[in-house]
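J.: What follows is data.cif, made up of mmCIF, C-alpha atoms:
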data_data
#
loop_
_atom_site.label_atom_id
_atom_site.label_comp_id
_atom_site.auth_asym_id
_atom_site.auth_seq_id
_atom_site.Cartn_x
_atom_site.Cartn_y
_atom_site.Cartn_z
CA MET H 9 146.03 134.27 90.08
CA LEU H 10 146.72 137.93 90.59
CA ILE H 11 145.02 138.63 87.29
CA ALA H 12 142.03 136.58 88.34
CA GLY H 13 141.61 138.71 91.43
CA GLY H 14 141.48 141.99 89.55
CA ALA H 15 145.03 143.34 89.72
CA GLU H 16 146.73 145.64 87.24
CA ILE H 17 149.05 144.04 84.71
CA TYR H 18 151.98 146.06 86.00
CA ARG H 19 151.56 144.45 89.40
CA VAL H 20 151.48 140.98 87.87
CA GLU H 21 154.64 141.47 85.85
CA ASP H 22 156.47 143.23 88.66
CA THR H 23 155.58 140.55 91.18
CA ALA H 24 156.65 137.71 88.90
CA ARG H 25 159.92 139.47 88.08
CA ARG H 26 160.75 140.06 91.73
CA ILE H 27 160.06 136.46 92.63
CA CYS H 28 162.26 135.26 89.79
CA ASN H 29 165.03 137.58 90.87
CA ALA H 30 164.71 136.34 94.43
CA TYR H 31 165.43 132.80 93.25
CA GLY H 32 168.32 133.88 91.09
CA HIS H 33 166.66 133.84 87.67
CA THR H 34 167.69 137.27 86.53
CA GLU H 35 166.90 136.60 82.89
CA ALA H 36 163.21 135.90 83.28
CA GLN H 37 161.09 137.19 80.43
CA LEU H 38 157.42 137.59 81.03
CA TYR H 39 154.36 138.80 79.26
CA ALA H 40 150.97 139.21 80.83
CA THR H 41 147.61 140.43 79.61
CA PRO H 42 144.26 140.21 81.38
CA ALA H 43 143.62 136.94 79.53
CA ASN H 44 146.92 135.10 79.67
CA PHE H 45 150.34 134.93 81.19
CA ILE H 46 153.61 133.72 79.69
CA ILE H 47 156.89 133.32 81.52
CA THR H 48 160.22 132.07 80.24
CA LEU H 49 163.21 131.22 82.39
CA LYS H 50 166.63 129.87 81.52
CA ASP H 51 167.91 126.86 83.43
CA LYS H 52 171.56 126.34 84.33
CA SER H 53 172.53 125.01 80.92
CA GLY H 54 170.90 127.98 79.20
CA CYS H 55 167.94 125.97 77.96
CA PRO H 56 164.74 128.02 78.01
CA LEU H 57 161.74 126.87 80.03
CA THR H 58 158.36 128.37 79.19
CA ASP H 59 155.07 128.22 80.99
CA THR H 60 151.88 129.65 79.53
CA ARG H 61 148.65 130.10 81.40
CA THR H 62 145.27 131.19 80.16
CA VAL H 63 143.09 133.08 82.59
CA LEU H 64 139.59 131.72 82.25
CA SER H 65 137.57 133.68 84.71
CA ARG H 66 138.15 136.80 86.71
CA SER H 67 136.46 138.15 89.77
CA ASP H 68 136.68 141.34 91.77
CA ASP H 69 138.54 140.24 94.84
CA LEU H 70 140.92 142.98 95.91
CA ASN H 71 141.55 141.31 99.25
CA ARG H 72 143.10 138.37 97.44
CA VAL H 73 145.33 140.71 95.48
CA ALA H 74 146.50 142.29 98.71
CA LEU H 75 147.18 138.90 100.33
CA ILE H 76 149.20 137.67 97.35
CA ASN H 77 151.05 140.94 97.32
CA ARG H 78 152.02 140.32 100.93
CA LEU H 79 152.98 136.73 100.15
CA SER H 80 155.24 137.81 97.32
CA ARG H 81 157.02 140.29 99.59
CA LYS H 82 157.57 137.44 102.01
CA ILE H 83 158.82 135.17 99.24
CA CYS H 84 161.35 137.77 98.12
CA ALA H 85 162.57 138.33 101.66
CA GLU H 86 162.69 134.75 102.98
CA LYS H 87 162.89 132.57 99.85
CA PRO H 88 160.85 129.68 101.25
CA SER H 89 160.62 126.28 99.56
CA ALA H 90 158.05 125.51 96.87
CA ASP H 91 155.93 123.36 99.21
CA LYS H 92 155.61 126.17 101.68
CA ILE H 93 154.56 128.61 98.98
CA MET H 94 151.94 126.22 97.62
CA ALA H 95 150.56 125.78 101.14
CA GLU H 96 150.35 129.55 101.55
CA ILE H 97 148.62 129.96 98.19
CA GLU H 98 146.15 127.24 99.13
CA ASN H 99 145.57 129.17 102.34
CA ILE H 100 144.80 132.36 100.43
CA LYS H 101 142.45 130.49 98.12
CA GLN H 102 140.62 129.19 101.15
CA THR H 103 140.29 132.64 102.70
CA LYS H 104 136.62 133.24 102.94
CA GLY H 105 135.00 136.30 101.44
CA TYR H 106 132.18 138.10 103.15
CA SER H 107 129.15 135.95 103.85
CA LYS H 108 126.19 136.00 101.47
CA LEU H 109 124.12 138.03 103.89
CA VAL H 110 126.70 140.80 104.18
CA ILE H 111 126.97 140.97 100.39
CA TYR H 112 123.20 141.23 100.03
CA ILE H 113 123.19 144.01 102.60
CA SER H 114 125.96 145.78 100.72
CA TYR H 115 124.03 145.70 97.44
CA PHE H 116 121.00 147.04 99.25
CA THR H 117 123.07 149.82 100.82
CA VAL H 118 124.59 150.87 97.50
CA GLY H 119 121.17 151.15 95.87
CA PHE H 120 119.74 152.91 98.89
CA ALA H 121 122.55 155.41 99.40
CA PHE H 122 122.85 156.35 95.75
CA ALA H 123 119.12 156.87 95.42
CA VAL H 124 119.36 159.35 98.31
CA TYR H 125 122.50 160.82 96.79
CA PHE H 126 120.74 161.61 93.52
CA GLY H 127 117.91 163.31 95.36
CA GLY H 128 115.45 160.53 96.07
CA SER H 129 113.09 160.45 99.05
CA ALA H 130 113.08 157.73 101.71
CA ILE H 131 110.58 155.50 99.96
CA GLU H 132 112.41 155.79 96.65
CA ALA H 133 115.65 154.94 98.41
CA ALA H 134 114.12 151.86 100.00
CA PHE H 135 112.96 150.60 96.63
CA GLY H 136 116.32 151.58 95.13
CA GLY H 137 117.90 149.28 97.68
CA LEU H 138 115.47 146.55 96.70
CA LEU H 139 116.51 146.96 93.07
CA GLY H 140 120.15 146.76 94.19
CA LEU H 141 119.32 143.41 95.76
CA THR H 142 117.72 142.30 92.50
CA VAL H 143 120.94 143.15 90.69
CA CYS H 144 122.78 140.89 93.10
CA PHE H 145 120.43 137.96 92.47
CA ILE H 146 120.54 138.30 88.70
CA ARG H 147 124.30 138.55 88.76
CA GLU H 148 124.58 135.38 90.78
CA MET H 149 122.32 133.53 88.40
CA LEU H 150 124.25 134.73 85.36
CA ASP H 151 127.58 133.96 87.00
CA ARG H 152 126.47 130.36 87.21
CA VAL H 153 126.09 130.16 83.43
CA ARG H 154 129.30 132.18 82.90
CA ALA H 155 127.64 135.10 81.15
CA SER H 156 129.83 137.90 79.78
CA ALA H 157 130.07 141.24 81.57
CA PHE H 158 128.07 142.87 78.79
CA LEU H 159 125.20 140.41 79.04
CA LYS H 160 125.14 140.79 82.82
CA ALA H 161 124.96 144.56 82.52
CA VAL H 162 122.16 144.45 79.94
CA ALA H 163 120.13 141.87 81.82
CA CYS H 164 120.43 143.55 85.22
CA SER H 165 119.68 147.03 83.97
CA THR H 166 116.71 145.88 81.88
CA VAL H 167 115.11 144.01 84.75
CA ILE H 168 115.59 146.78 87.30
CA SER H 169 114.30 149.43 84.90
CA PHE H 170 111.13 147.41 84.27
CA MET H 171 110.71 146.87 88.00
CA ALA H 172 111.23 150.55 88.74
CA VAL H 173 108.69 151.65 86.15
CA GLY H 174 106.35 148.96 87.47
CA PHE H 175 106.56 150.34 91.01
CA TYR H 176 105.92 153.78 89.61
CA GLU H 177 102.86 152.63 87.66
CA LEU H 178 101.51 150.90 90.76
CA GLY H 179 101.71 154.24 92.49
CA ILE H 180 104.13 153.15 95.21
CA VAL H 181 106.83 155.66 94.34
CA PRO H 182 106.50 159.20 92.97
CA ARG H 183 109.33 158.93 90.40
CA PHE H 184 111.31 156.06 88.95
CA ASP H 185 114.48 157.76 87.74
CA LYS H 186 116.30 158.06 91.10
CA MET H 187 115.76 154.40 91.85
CA ILE H 188 117.13 153.32 88.49
CA ILE H 189 120.20 155.52 88.87
CA GLY H 190 120.84 154.23 92.38
CA ALA H 191 120.56 150.61 91.35
CA THR H 192 122.63 150.94 88.17
CA MET H 193 125.41 152.49 90.25
CA THR H 194 125.91 149.02 91.78
CA MET H 195 127.14 147.87 88.38
CA VAL H 196 129.61 150.65 87.57
CA PRO H 197 132.78 148.97 86.24
CA GLY H 198 135.05 150.69 88.76
CA ILE H 199 137.88 148.16 88.88
CA ALA H 200 138.11 147.90 85.11
CA MET H 201 138.21 151.70 84.74
CA VAL H 202 140.92 152.23 87.33
CA ASN H 203 142.99 149.27 86.19
CA SER H 204 142.96 150.36 82.58
CA MET H 205 144.19 153.82 83.59
CA ARG H 206 146.97 152.30 85.66
CA ASP H 207 147.91 149.94 82.83
CA PHE H 208 148.21 152.90 80.47
CA ILE H 209 150.39 154.74 82.94
CA SER H 210 152.80 151.85 83.29
CA GLY H 211 152.98 151.42 79.50
CA ASP H 212 150.95 148.22 79.11
CA PHE H 213 148.79 149.61 76.35
CA ILE H 214 147.33 146.33 75.16
CA SER H 215 146.14 145.42 78.63
CA GLY H 216 144.93 148.96 79.14
CA LEU H 217 142.85 148.79 75.97
CA TYR H 218 141.56 145.38 76.92
CA THR H 219 140.26 146.53 80.29
CA LEU H 220 139.11 149.90 78.94
CA THR H 221 137.04 148.11 76.31
CA GLU H 222 135.59 145.94 79.01
CA ALA H 223 134.63 148.98 81.07
CA LEU H 224 133.11 150.79 78.10
CA LEU H 225 131.18 147.73 77.00
CA THR H 226 129.76 147.29 80.48
CA ALA H 227 128.75 150.94 80.58
CA ALA H 228 127.20 150.61 77.11
CA GLY H 229 125.37 147.53 78.29
CA LEU H 230 123.90 149.47 81.19
CA ALA H 231 122.82 152.24 78.84
CA VAL H 232 121.25 149.79 76.40
CA GLY H 233 119.37 147.97 79.13
CA VAL H 234 118.06 151.08 80.87
CA GLY H 235 117.25 152.89 77.63
CA SER H 236 115.38 150.09 75.95
CA ALA H 237 113.47 149.10 79.07
CA VAL H 238 112.40 152.62 79.97
CA ALA H 239 111.46 153.41 76.37
CA SER H 240 109.30 150.32 75.96
CA ALA H 241 107.80 150.74 79.41
CA ILE H 242 106.80 154.32 78.64
CA HIS H 243 105.15 153.30 75.38
CA LEU H 244 103.22 150.45 76.93
CA MET G 124 122.53 177.85 101.28
CA ASN G 125 121.81 174.66 103.10
CA ILE G 126 125.05 173.14 104.35
CA PHE G 127 123.46 169.82 105.15
CA ASP G 128 122.05 169.28 101.70
CA THR G 129 125.09 170.53 99.77
CA PHE G 130 127.90 168.97 101.76
CA VAL G 131 126.91 166.63 104.56
CA LEU G 132 124.29 164.47 102.93
CA PRO G 133 126.28 163.64 99.77
CA CYS G 134 129.28 162.75 101.93
CA LEU G 135 127.24 160.49 104.17
CA CYS G 136 125.69 158.78 101.16
CA SER G 137 129.08 158.34 99.51
CA PHE G 138 130.49 156.87 102.68
CA ALA G 139 127.70 154.32 103.02
CA ALA G 140 127.54 153.42 99.35
CA CYS G 141 131.28 153.14 98.91
CA ALA G 142 131.78 151.09 102.04
CA ALA G 143 129.16 148.73 100.65
CA PHE G 144 130.98 148.73 97.31
CA GLY G 145 134.13 147.75 99.12
CA VAL G 146 132.32 144.76 100.57
CA GLN G 147 131.47 143.63 97.05
CA PHE G 148 135.16 143.79 96.12
CA ASN G 149 136.02 141.91 99.30
CA ILE G 150 138.03 144.68 100.94
CA ARG G 151 138.68 144.03 104.62
CA ALA G 152 138.39 145.90 107.92
CA TRP G 153 140.70 148.93 108.10
CA ASN G 154 141.29 149.01 104.38
CA LEU G 155 137.53 149.26 103.90
CA LEU G 156 137.40 152.26 106.22
CA GLY G 157 140.30 153.89 104.39
CA ALA G 158 138.63 153.32 101.04
CA ALA G 159 135.31 154.74 102.19
CA LEU G 160 137.10 157.77 103.65
CA GLY G 161 138.74 158.27 100.28
CA ALA G 162 135.28 158.36 98.74
CA VAL G 163 134.23 160.98 101.28
CA ILE G 164 137.29 163.07 100.46
CA SER G 165 136.58 162.98 96.74
CA GLN G 166 132.92 163.77 97.32
CA LEU G 167 133.73 166.67 99.63
CA ILE G 168 136.23 168.18 97.21
CA PHE G 169 133.76 167.71 94.38
CA SER G 170 131.00 169.47 96.33
CA VAL G 171 133.23 172.36 97.34
CA ALA G 172 134.54 172.81 93.80
CA GLU G 173 131.03 172.67 92.42
CA HIS G 174 129.88 175.21 94.98
CA MET G 175 132.67 177.52 93.87
CA GLY G 176 131.13 177.43 90.40
CA LEU G 177 133.62 175.23 88.55
CA THR G 178 132.36 173.08 85.69
CA GLY G 179 131.57 169.42 86.24
CA GLY G 180 134.65 168.29 84.38
CA MET G 181 136.99 170.48 86.46
CA CYS G 182 135.37 169.31 89.68
CA CYS G 183 135.89 165.70 88.69
CA PHE G 184 139.47 166.33 87.67
CA ILE G 185 140.42 168.00 90.95
CA ALA G 186 138.60 165.45 93.08
CA ALA G 187 140.04 162.49 91.16
CA ALA G 188 143.54 163.93 91.42
CA ALA G 189 143.13 164.45 95.16
CA VAL G 190 141.78 160.99 95.79
CA SER G 191 144.50 159.33 93.75
CA ALA G 192 147.14 161.17 95.75
CA TYR G 193 145.37 160.03 98.91
CA SER G 194 145.22 156.42 97.67
CA GLU G 195 148.84 156.34 96.59
CA ILE G 196 150.04 157.62 99.94
CA LEU G 197 147.75 155.45 102.04
CA ALA G 198 148.49 152.35 99.99
CA ARG G 199 152.24 152.79 100.46
CA ARG G 200 151.76 153.28 104.20
CA CYS G 201 149.52 150.20 104.57
CA LYS G 202 151.48 148.15 102.02
CA VAL G 203 148.43 147.18 100.00
CA PRO G 204 147.68 147.67 96.30
CA VAL G 205 146.76 151.24 95.37
CA ASN G 206 143.66 150.27 93.43
CA MET G 207 142.03 149.01 96.60
CA PHE G 208 141.48 152.65 97.64
CA LEU G 209 141.35 154.23 94.22
CA VAL G 210 138.57 152.08 92.79
CA ILE G 211 136.30 152.96 95.68
CA GLY G 212 137.44 156.56 95.88
CA ILE G 213 136.33 157.56 92.39
CA ILE G 214 132.90 155.95 92.57
CA PRO G 215 131.09 159.06 93.91
CA LEU G 216 132.45 161.00 90.92
CA VAL G 217 131.05 158.64 88.29
CA PRO G 218 128.45 160.63 86.32
CA GLY G 219 125.66 158.08 86.80
CA GLY G 220 122.81 160.58 86.79
CA LEU G 221 123.98 162.37 83.65
CA THR G 222 124.42 159.13 81.76
CA TYR G 223 120.95 158.02 82.76
CA TYR G 224 119.29 161.22 81.64
CA ALA G 225 121.32 161.12 78.43
CA CYS G 226 119.93 157.66 77.75
CA LEU G 227 116.47 158.83 78.55
CA SER G 228 116.60 161.75 76.16
CA LEU G 229 118.05 159.47 73.49
CA VAL G 230 115.18 157.01 73.66
CA SER G 231 112.59 159.77 73.79
CA GLY G 232 114.10 161.40 70.72
CA GLU G 233 115.34 164.67 72.23
CA ARG G 234 118.48 164.83 70.22
CA GLU G 235 119.91 168.10 71.51
CA ALA G 236 119.35 167.25 75.13
CA PHE G 237 121.00 163.89 74.52
CA LEU G 238 124.07 165.44 72.91
CA GLU G 239 124.45 167.95 75.71
CA ARG G 240 124.11 165.43 78.51
CA ALA G 241 126.21 162.77 76.81
CA SER G 242 129.03 165.21 76.14
CA LEU G 243 128.94 166.37 79.75
CA ALA G 244 129.00 162.79 80.99
CA PHE G 245 131.91 161.96 78.69
CA ALA G 246 133.75 165.06 79.84
CA GLU G 247 133.32 164.08 83.48
CA ALA G 248 134.37 160.48 82.91
CA GLY G 249 137.37 161.66 80.93
CA SER G 250 138.30 164.16 83.63
CA ILE G 251 138.28 161.43 86.26
CA ALA G 252 140.60 159.37 84.09
CA MET G 253 142.91 162.34 83.50
CA GLY G 254 142.95 163.17 87.20
CA ILE G 255 144.12 159.67 88.03
CA PHE G 256 146.53 159.75 85.12
CA ALA G 257 148.18 163.00 86.16
CA VAL G 258 148.77 162.13 89.79
CA SER G 259 149.59 158.45 89.39
CA SER G 260 152.16 159.12 86.66
CA VAL G 261 153.97 161.55 88.91
CA PHE G 262 153.86 159.08 91.78
CA LYS G 263 155.20 156.31 89.57
CA VAL G 264 158.19 158.38 88.52
CA ALA G 265 158.80 159.42 92.11
CA VAL G 266 158.66 155.84 93.36
CA ASP G 267 160.98 154.59 90.63
CA LEU G 268 163.48 157.32 91.46
CA TYR G 269 163.23 156.50 95.15
CA ARG G 270 163.86 152.80 94.48
CA GLU G 271 166.88 153.60 92.36
CA HIS G 272 168.16 155.82 95.11
CA ILE G 273 167.79 152.98 97.65
CA GLU G 274 169.51 150.49 95.36
CA HIS G 275 172.30 152.94 94.77
CA LYS G 276 172.74 153.32 98.51
CA ASN G 277 172.78 149.55 99.02
CA LEU G 278 175.40 149.12 96.32
CA LYS G 279 177.61 151.72 97.94
CA ALA G 280 177.20 150.04 101.31
CA MET G 281 178.13 146.69 99.80
CA LYS G 282 181.28 148.08 98.20
CA LYS G 283 182.45 149.36 101.53
#
Turn this file's structure into structure tokens for me.
T.:
Amino acid sequence: MLIAGGAEIYRVEDTARRICNAYGHTEAQLYATPANFIITLKDKSGCPLTDTRTVLSRSDDLNRVALINRLSRKICAEKPSADKIMAEIENIKQTKGYSKLVIYISYFTVGFAFAVYFGGSAIEAAFGGLLGLTVCFIREMLDRVRASAFLKAVACSTVISFMAVGFYELGIVPRFDKMIIGATMTMVPGIAMVNSMRDFISGDFISGLYTLTEALLTAAGLAVGVGSAVASAIHL
Amino acid sequence: MNIFDTFVLPCLCSFAACAAFGVQFNIRAWNLLGAALGAVISQLIFSVAEHMGLTGGMCCFIAAAAVSAYSEILARRCKVPVNMFLVIGIIPLVPGGLTYYACLSLVSGEREAFLERASLAFAEAGSIAMGIFAVSSVFKVAVDLYREHIEHKNLKAMKK
């Protein structure tokens, strides 16, 4: 569950180890990657018990990571019963994220602010924000069909580049590059980049490579989408 | 030199954009403010370093190092995961513009311009990574030592 929320692998392993220690299983062996999680404990007679989980989907929910982090501290300190822990976890799962409207506004703001940041004028920034919103819609649609991060990056960046060039051709905006940059910034794989660095630091090289590849692929997807769209739009 | 254009405007933009980014990652209330402030810090340091005439890679390295120190300290104080602040903090440093123009020169066949821009973008991205790497490794060692120290203390207390 920590993995699914976008935590580093070190945090996952450390948390699981602490919880096991808190309940007296000092010989817990665990192995986690961004895609699966294996834990082995020994019961009183020395017979090993193993549980393996595959992580199917991940999201970027750092608040959930923080809440579970807090819960695990509590577990280590108070050692509550299993029922209580399950209730707490259910509680965290139910914790609502920001409402749709706020998320739309945030996508708009990212596009807007980065268009200004890269030297765009007010009108360019406004359309940059609009493109940011488009990214949000496309992402939601693709999330529904469980598209890969790469496909999402390519699709979003292609569509926004075509839109940006379209606005430019219609004569609404003076340039299209600032808008495209602003809107593609909404898709920068920030969590993957930071997590892979932190995985490398803590010695989880496989997980680090896994997330690094993910980040690079997303970035490549953005480049492919923007490049191909702008190139074909210019030639049209 | 125009102070507003060189320093204030980029910081304001970073603040707004990164706060909005935090919303996408579902960061809450005070943590969101802390994360966005981290972005402002990295942006400010980047601008100052750039103004002093350092290369893009150096600017990114210094700013990333500073913001990871900030995130590590703040995260320990607030007892939340470090990456909550760090992910947001490095976003203003991401060489989005360079990468875009590199792409553009690639598709329009300007090979030399592409190589120059792409290598700069790679250098900046790499410098961000190294900045995080340098500071976070030191922090990790320090924290491990501190924990050992505490455990040692506890053991001594128990023996007594």
J.: Counting all atoms listed in the file, which residues in chain G sit no more than 7 Å from chain H? For each one, give the nearest pair of atoms and the distance in Å, sorted by chain then residue number, as a tab-separated table.
T.:
residue	atom	partner	partner_atom	distance
G:Pro133	CA	H:Tyr125	CA	5.6
G:Cys136	CA	H:Ala121	CA	4.9
G:Ala139	CA	H:Ala121	CA	6.4
G:Ala140	CA	H:Val118	CA	4.3
G:Ala143	CA	H:Ser114	CA	4.4
G:Phe144	CA	H:Val118	CA	6.7
G:Val146	CA	H:Ser114	CA	6.4
G:Gln147	CA	H:Ile111	CA	6.2
G:Phe148	CA	H:Asp69	CA	5.1
G:Asn149	CA	H:Asp69	CA	5.4
G:Ile150	CA	H:Asn71	CA	5.2
G:Arg151	CA	H:Asn71	CA	6.7
G:Val203	CA	H:Ala74	CA	5.4
G:Pro204	CA	H:Ala74	CA	6.0
G:Asn206	CA	H:Val202	CA	7.0
G:Met207	CA	H:Leu70	CA	6.2
G:Val210	CA	H:Gly198	CA	5.5
G:Ile214	CA	H:Gly198	CA	6.8
G:Gly219	CA	H:Ile189	CA	6.4
G:Gly220	CA	H:Ile189	CA	6.1
G:Tyr223	CA	H:Ile189	CA	6.6
G:Cys226	CA	H:Gly235	CA	5.5
G:Leu227	CA	H:Gly235	CA	6.1
G:Val230	CA	H:Ala239	CA	5.8
G:Ser231	CA	H:Ala239	CA	7.0
G:Ala252	CA	H:Met205	CA	6.6
G:Phe256	CA	H:Met205	CA	6.6
G:Ser260	CA	H:Ile209	CA	6.0
J.: Determine, counting all atoms listed in the file, which protein, DNA and RNA residues have an atom within 10 Å of an atom of Met253 (chain G); residues of the same chain fewer than 2 positions away are not included. Present the result as a list in words.
T.: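 Counting all atoms listed in the file, the residues come to Met205 of chain H; Cys183, Phe184, Ile185, Ala187, Ala188, Glu247, Ala248, Gly249, Ser250, Ile251, Ile255, Phe256, Ala257, Val258 and Ser259 of chain G.
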J.: Rank G:Ala189, G:Thr129, G:Glu235, G:Gly212 by their smallest atom-to-atom distance to Met175 (chain G), using only C-alpha atoms, and report the top residue only.
T.: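 With only C-alpha atoms as the atom set, the closest residue is G:Thr129.
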J.: Got a sec: who's within 8 Å of region 157-161 of chain H, counting all atoms listed in the file, leaving out chain neighbours fewer than 2 positions off, as a list in words?
T.: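 The residues that qualify are Ile146, Arg147, Leu150, Ala155, Ala163, Cys164, Ser165, Met195, Glu222, Leu225, Thr226, Ala227, Ala228, Gly229, Leu230 and Gly233 of chain H.
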J.: Figure out the distance between CA of Val162 (chain H) and CA of Phe184 (chain H), please, to one decimal in Å.
T.: 18.3 Å
J.: Rounded to one decimal in Å, what is the spacing between CA of Asn277 (chain G) and CA of Arg199 (chain G)?
T.: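 Interatomic distance, CA of Asn277 (chain G) to CA of Arg199 (chain G): 20.8 Å.
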J.: Applying the PyMOL selection byres ((chain G and resi 138) around 7) to the file I just gave you, which residues come out? Please list them as an mmCIF file with C-alpha atoms, keeping the file's coordinate frame.
T.:
data_model
loop_
_atom_site.group_PDB
_atom_site.id
_atom_site.type_symbol
_atom_site.label_atom_id
_atom_site.label_comp_id
_atom_site.auth_asym_id
_atom_site.auth_seq_id
_atom_site.Cartn_x
_atom_site.Cartn_y
_atom_site.Cartn_z
ATOM 1 C CA CYS G 134 129.280 162.750 101.930
ATOM 2 C CA LEU G 135 127.240 160.490 104.170
ATOM 3 C CA CYS G 136 125.690 158.780 101.160
ATOM 4 C CA SER G 137 129.080 158.340 99.510
ATOM 5 C CA ALA G 139 127.700 154.320 103.020
ATOM 6 C CA ALA G 140 127.540 153.420 99.350
ATOM 7 C CA CYS G 141 131.280 153.140 98.910
ATOM 8 C CA ALA G 142 131.780 151.090 102.040
ATOM 9 C CA ALA G 159 135.310 154.740 102.190
ATOM 10 C CA LEU G 160 137.100 157.770 103.650
ATOM 11 C CA ALA G 162 135.280 158.360 98.740
ATOM 12 C CA VAL G 163 134.230 160.980 101.280
#
